[in-house]
file my_file_37.csv (CSV, C-alpha atoms)
chain,number,residue,atom,x,y,z
T,1,MET,CA,-11.8,-14.5,3.6
T,2,LEU,CA,-8.7,-15.0,5.6
T,3,VAL,CA,-9.2,-16.7,9.0
T,4,PHE,CA,-6.3,-17.4,11.3
T,5,ARG,CA,-7.3,-18.8,14.6
T,6,ALA,CA,-5.0,-17.5,17.3
T,7,SER,CA,-5.4,-18.4,20.9
T,8,MET,CA,-7.9,-16.2,22.7
T,9,SER,CA,-5.1,-15.5,25.1
T,10,ALA,CA,-3.3,-13.8,22.2
T,11,ARG,CA,-3.6,-10.1,23.2
T,12,VAL,CA,-3.0,-7.4,20.6
T,13,TYR,CA,-2.8,-3.7,21.5
T,14,LEU,CA,-4.2,-1.0,19.2
T,15,LEU,CA,-2.5,2.3,20.2
T,16,ASN,CA,-3.5,5.6,18.6
T,17,GLY,CA,-1.7,8.9,19.0
T,18,PRO,CA,-2.4,12.6,19.0
T,19,ASN,CA,-5.5,14.1,17.3
T,20,LEU,CA,-6.8,10.7,16.3
T,21,ASP,CA,-9.7,11.3,18.7
T,22,LEU,CA,-10.9,13.9,16.2
T,23,LEU,CA,-10.9,11.6,13.1
T,24,GLY,CA,-13.9,12.3,10.9
T,25,GLU,CA,-13.7,16.0,11.9
T,26,ARG,CA,-10.1,16.8,11.4
T,27,GLU,CA,-9.0,17.4,7.8
T,28,PRO,CA,-11.4,14.9,6.2
T,29,ASP,CA,-9.9,15.5,2.8
T,30,ILE,CA,-6.7,13.9,4.2
T,31,TYR,CA,-7.9,11.5,6.8
T,32,GLY,CA,-11.4,10.7,5.6
T,33,ARG,CA,-14.8,10.8,7.4
T,34,SER,CA,-14.3,7.6,9.5
T,35,THR,CA,-14.1,8.2,13.2
T,36,LEU,CA,-12.0,6.7,15.9
T,37,ALA,CA,-15.1,4.7,16.9
T,38,ASP,CA,-15.2,3.3,13.3
T,39,VAL,CA,-11.5,2.4,13.5
T,40,GLU,CA,-12.1,0.5,16.8
T,41,THR,CA,-15.2,-1.2,15.5
T,42,LEU,CA,-13.4,-2.4,12.4
T,43,SER,CA,-10.4,-3.5,14.4
T,44,ARG,CA,-12.4,-5.3,17.1
T,45,SER,CA,-14.4,-7.2,14.5
T,46,THR,CA,-11.2,-8.2,12.7
T,47,ALA,CA,-9.6,-9.3,15.9
T,48,ALA,CA,-12.6,-11.3,17.0
T,49,ARG,CA,-12.8,-13.1,13.6
T,50,LEU,CA,-9.2,-14.0,14.1
T,51,GLY,CA,-9.5,-15.1,17.7
T,52,LEU,CA,-7.5,-12.3,19.2
T,53,GLU,CA,-8.2,-10.2,22.2
T,54,LEU,CA,-7.9,-6.5,21.3
T,55,ILE,CA,-7.0,-3.7,23.8
T,56,CYS,CA,-7.6,-0.2,22.3
T,57,HIS,CA,-6.2,3.1,23.6
T,58,GLN,CA,-5.9,6.6,22.2
T,59,THR,CA,-3.9,9.5,23.7
T,60,ASN,CA,-2.7,13.0,23.0
T,61,ALA,CA,0.0,12.6,25.7
T,62,GLU,CA,3.4,11.1,25.1
T,63,HIS,CA,3.8,9.8,28.6
T,64,GLU,CA,0.5,7.8,28.3
T,65,MET,CA,1.7,6.2,25.0
T,66,ILE,CA,4.9,5.2,26.7
T,67,GLY,CA,3.0,3.6,29.6
T,68,TRP,CA,0.8,1.6,27.3
T,69,LEU,CA,3.9,0.4,25.3
T,70,HIS,CA,5.4,-0.8,28.6
T,71,GLU,CA,2.1,-2.6,29.4
T,72,ALA,CA,2.0,-4.1,25.9
T,73,ARG,CA,5.7,-5.2,25.6
T,74,ARG,CA,4.9,-8.9,26.2
T,75,ALA,CA,1.7,-8.9,24.2
T,76,ALA,CA,1.2,-11.0,21.0
T,77,GLY,CA,1.5,-7.9,18.9
T,78,ILE,CA,1.0,-4.1,18.7
T,79,VAL,CA,-0.7,-2.0,16.0
T,80,ILE,CA,0.3,1.7,16.5
T,81,ASN,CA,-0.7,4.8,14.7
T,82,PRO,CA,1.7,7.2,16.4
T,83,ALA,CA,0.5,10.1,14.4
T,84,ALA,CA,2.8,13.1,14.9
T,85,PHE,CA,4.8,11.2,17.6
T,86,CYS,CA,6.5,9.4,14.7
T,87,TYR,CA,8.5,12.4,13.6
T,88,HIS,CA,10.3,13.2,16.9
T,89,SER,CA,9.5,11.0,19.9
T,90,VAL,CA,12.7,9.3,20.9
T,91,PRO,CA,11.1,8.2,24.3
T,92,ILE,CA,8.4,6.4,22.4
T,93,LEU,CA,11.0,4.8,20.1
T,94,ASP,CA,12.9,3.6,23.2
T,95,ALA,CA,9.7,2.1,24.6
T,96,MET,CA,8.9,0.4,21.3
T,97,ARG,CA,12.4,-1.2,21.3
T,98,LEU,CA,11.6,-2.7,24.7
T,99,CYS,CA,8.7,-4.6,23.2
T,100,GLU,CA,9.1,-8.4,22.7
T,101,CYS,CA,6.4,-8.7,20.0
T,102,PRO,CA,5.9,-7.6,16.4
T,103,ILE,CA,4.8,-4.0,15.9
T,104,VAL,CA,3.0,-2.6,12.9
T,105,GLU,CA,3.0,1.1,12.4
T,106,VAL,CA,-0.2,2.4,10.6
T,107,HIS,CA,-0.9,5.8,9.0
T,108,ILE,CA,-4.3,6.6,7.5
T,109,SER,CA,-2.8,9.0,5.0
T,110,ASN,CA,0.1,8.3,2.7
T,111,ILE,CA,2.8,10.1,4.6
T,112,TYR,CA,5.0,10.0,1.5
T,113,ARG,CA,2.6,12.1,-0.5
T,114,ARG,CA,2.1,14.8,2.1
T,115,GLU,CA,3.2,18.4,1.3
T,116,GLU,CA,5.5,18.9,4.2
T,117,SER,CA,8.7,16.8,3.7
T,118,TRP,CA,9.1,16.2,7.5
T,119,ARG,CA,5.9,14.2,7.4
T,120,SER,CA,7.4,11.5,5.2
T,121,HIS,CA,9.9,10.3,7.8
T,122,SER,CA,9.0,8.1,10.9
T,123,ILE,CA,11.8,7.6,13.4
T,124,LEU,CA,9.6,4.9,14.9
T,125,ALA,CA,9.6,2.7,11.8
T,126,ALA,CA,13.1,1.4,12.9
T,127,ALA,CA,11.3,-0.5,15.8
T,128,CYS,CA,8.6,-2.0,13.6
T,129,SER,CA,8.1,-5.2,11.7
T,130,GLY,CA,6.3,-3.2,9.0
T,131,VAL,CA,4.6,0.1,8.1
T,132,ILE,CA,1.2,0.5,6.4
T,133,THR,CA,0.6,4.0,5.0
T,134,GLY,CA,-2.1,5.5,2.9
T,135,LEU,CA,-4.7,2.8,2.9
T,136,GLY,CA,-7.2,4.7,5.1
T,137,ILE,CA,-8.6,2.9,8.1
T,138,ASP,CA,-8.3,-0.4,6.2
T,139,GLY,CA,-4.6,-0.3,7.2
T,140,TYR,CA,-5.7,-1.3,10.7
T,141,ARG,CA,-7.4,-4.4,9.5
T,142,LEU,CA,-4.4,-5.4,7.4
T,143,ALA,CA,-2.1,-4.9,10.4
T,144,ILE,CA,-4.2,-7.1,12.6
T,145,GLU,CA,-4.4,-9.8,9.9
T,146,TYR,CA,-0.6,-9.7,9.6
T,147,LEU,CA,-0.2,-10.1,13.4
T,148,ALA,CA,-2.6,-13.0,13.4
T,149,ARG,CA,-0.5,-14.8,10.8
T,150,GLN,CA,2.6,-14.1,12.9
T,151,ILE,CA,1.0,-15.4,16.1
T,152,THR,CA,-0.4,-18.5,14.3
T,153,ALA,CA,3.0,-19.2,12.8
T,154,GLY,CA,4.6,-18.9,16.2
T,155,GLY,CA,7.1,-16.3,15.0
T,156,ALA,CA,7.6,-12.8,16.1
T,157,ALA,CA,8.7,-10.8,13.1
T,158,SER,CA,11.0,-8.3,14.6
T,159,PRO,CA,12.7,-5.5,12.8
T,160,SER,CA,16.0,-6.3,11.2

call {"tool": "encode", "arguments": {"input": "my_file_37.csv", "output": "C-alpha cells"}}
result
Amino acid sequence: MLVFRASMSARVYLLNGPNLDLLGEREPDIYGRSTLADVETLSRSTAARLGLELICHQTNAEHEMIGWLHEARRAAGIVINPAAFCYHSVPILDAMRLCECPIVEVHISNIYRREESWRSHSILAAACSGVITGLGIDGYRLAIEYLARQITAGGAASPS
C-alpha cells in the first residue's frame, strides 16, 4: 500500500462537473453504478490516508466551476472531472491556466472509446499535469495518490 505523508495543510480540491450528481442513475452501462457519494467517500479516505485535506464540490453551472478554480488556484493540487465542460469551455480552461498547482483531469469512462468523436477531445487537458480516463471511479484515487507524490516531492508538475 502506498503511503505518502503530506502536510495536513496540503489542501487538494476535487471538482466534479455537470451531471455527475446523477452518477449511479445516469447511463450505468457507461459510468457504472457508483454514486457521487461513493466517489467522495473513496477520495476522502484516500486523501486522509495520505495526510491531505480534501475539499469536494460538484456543479452543473460553468460559473460555479470557475469560482472554485479561482479558490483552488494556490492549493496543493486539483482533481477535476469536468465532464462535458471539457469539450468546449474556454472560460474553465482560462481559469485552470491561472492555477499554480498540478491538476489531474479524470474521466470515469474511456472518452477515446465513446461513440461520438467529439467526446474524445478535451480542450482542458492542455492545462493539466495528466489525464486519467476509463478506469471508473478508481481514477480519482489514482489522481489523489499522484498529487500526494508531487506534494511530498515538493514539485508541482505543471503542463509542458

call {"tool": "atom_distance", "arguments": {"input": "my_file_37.csv", "atom1": "atom CA of T:Arg149", "atom2": "atom CA of T:Glu105"}}
result
16.4 Å

call {"tool": "residues_around", "arguments": {"input": "my_file_37.csv", "residues": "T:Gly136", "least_positions_apart": "5", "cutoff": "8 Å", "atoms": "only C-alpha atoms", "output": "ChimeraX atom specification"}}
result
/T:31-32,107-109

call {"tool": "residues_around", "arguments": {"input": "my_file_37.csv", "residues": "stretch 121-134 of chain T", "least_positions_apart": "3", "cutoff": "10 Å", "atoms": "all atoms listed in the file", "output": "short mmCIF file (atom, residue, chain, number, x, y, z; two decimals) with C-alpha atoms, in the frame of the given file"}}
result
data_model
loop_
_atom_site.label_atom_id
_atom_site.label_comp_id
_atom_site.auth_asym_id
_atom_site.auth_seq_id
_atom_site.Cartn_x
_atom_site.Cartn_y
_atom_site.Cartn_z
CA ILE T 30 -6.70 13.90 4.20
CA TYR T 31 -7.90 11.50 6.80
CA ILE T 78 1.00 -4.10 18.70
CA VAL T 79 -0.70 -2.00 16.00
CA ILE T 80 0.30 1.70 16.50
CA ASN T 81 -0.70 4.80 14.70
CA PRO T 82 1.70 7.20 16.40
CA ALA T 83 0.50 10.10 14.40
CA ALA T 84 2.80 13.10 14.90
CA PHE T 85 4.80 11.20 17.60
CA CYS T 86 6.50 9.40 14.70
CA TYR T 87 8.50 12.40 13.60
CA HIS T 88 10.30 13.20 16.90
CA SER T 89 9.50 11.00 19.90
CA VAL T 90 12.70 9.30 20.90
CA ILE T 92 8.40 6.40 22.40
CA LEU T 93 11.00 4.80 20.10
CA ASP T 94 12.90 3.60 23.20
CA ALA T 95 9.70 2.10 24.60
CA MET T 96 8.90 0.40 21.30
CA ARG T 97 12.40 -1.20 21.30
CA LEU T 98 11.60 -2.70 24.70
CA CYS T 99 8.70 -4.60 23.20
CA CYS T 101 6.40 -8.70 20.00
CA PRO T 102 5.90 -7.60 16.40
CA ILE T 103 4.80 -4.00 15.90
CA VAL T 104 3.00 -2.60 12.90
CA GLU T 105 3.00 1.10 12.40
CA VAL T 106 -0.20 2.40 10.60
CA HIS T 107 -0.90 5.80 9.00
CA ILE T 108 -4.30 6.60 7.50
CA SER T 109 -2.80 9.00 5.00
CA ASN T 110 0.10 8.30 2.70
CA ILE T 111 2.80 10.10 4.60
CA TYR T 112 5.00 10.00 1.50
CA ARG T 113 2.60 12.10 -0.50
CA SER T 117 8.70 16.80 3.70
CA TRP T 118 9.10 16.20 7.50
CA ILE T 137 -8.60 2.90 8.10
CA ASP T 138 -8.30 -0.40 6.20
CA GLY T 139 -4.60 -0.30 7.20
CA TYR T 140 -5.70 -1.30 10.70
CA LEU T 142 -4.40 -5.40 7.40
CA ALA T 143 -2.10 -4.90 10.40
CA TYR T 146 -0.60 -9.70 9.60
CA LEU T 147 -0.20 -10.10 13.40
CA ALA T 156 7.60 -12.80 16.10
CA ALA T 157 8.70 -10.80 13.10
CA SER T 158 11.00 -8.30 14.60
CA PRO T 159 12.70 -5.50 12.80
CA SER T 160 16.00 -6.30 11.20
#

call {"tool": "closest_residue", "arguments": {"input": "my_file_37.csv", "among": "T:Ala61, T:Leu36, T:Leu15, T:Leu54", "to": "T:Ala148", "atoms": "all atoms listed in the file"}}
result
T:Leu54

call {"tool": "closest_residue", "arguments": {"input": "my_file_37.csv", "among": "T:Cys56, T:Leu135, T:Leu42, T:Ala48", "to": "T:Trp68", "atoms": "all atoms listed in the file"}}
result
T:Cys56

call {"tool": "closest_residue", "arguments": {"input": "my_file_37.csv", "among": "T:Leu23, T:Ile151, T:Met65, T:Ile55", "to": "T:Thr35", "atoms": "all atoms listed in the file"}}
result
T:Leu23

call {"tool": "atom_distance", "arguments": {"input": "my_file_37.csv", "atom1": "atom CA of T:His57", "atom2": "atom CA of T:Glu71"}}
result
11.6 Å

call {"tool": "atom_distance", "arguments": {"input": "my_file_37.csv", "atom1": "atom CA of T:Leu20", "atom2": "atom CA of T:Asp38"}}
result
11.6 Å

call {"tool": "closest_residue", "arguments": {"input": "my_file_37.csv", "among": "T:Glu100, T:Glu116, T:Asp21, T:Glu145", "to": "T:Arg73", "atoms": "all atoms listed in the file"}}
result
T:Glu100

call {"tool": "closest_residue", "arguments": {"input": "my_file_37.csv", "among": "T:Thr41, T:Thr59, T:Ile144, T:Ala10", "to": "T:Leu22", "atoms": "only C-alpha atoms"}}
result
T:Thr59

call {"tool": "closest_residue", "arguments": {"input": "my_file_37.csv", "among": "T:Arg26, T:Thr152, T:Asn60, T:Val12", "to": "T:Thr46", "atoms": "all atoms listed in the file"}}
result
T:Val12

call {"tool": "axis_aligned_box", "arguments": {"input": "my_file_37.csv", "around": "stretch 59-73 of chain T", "padding_each_side": "6 Å", "output": "JSON"}}
result
{"center_x": 0.9, "center_y": 3.9, "center_z": 26.3, "size_x": 21.6, "size_y": 30.2, "size_z": 18.6}
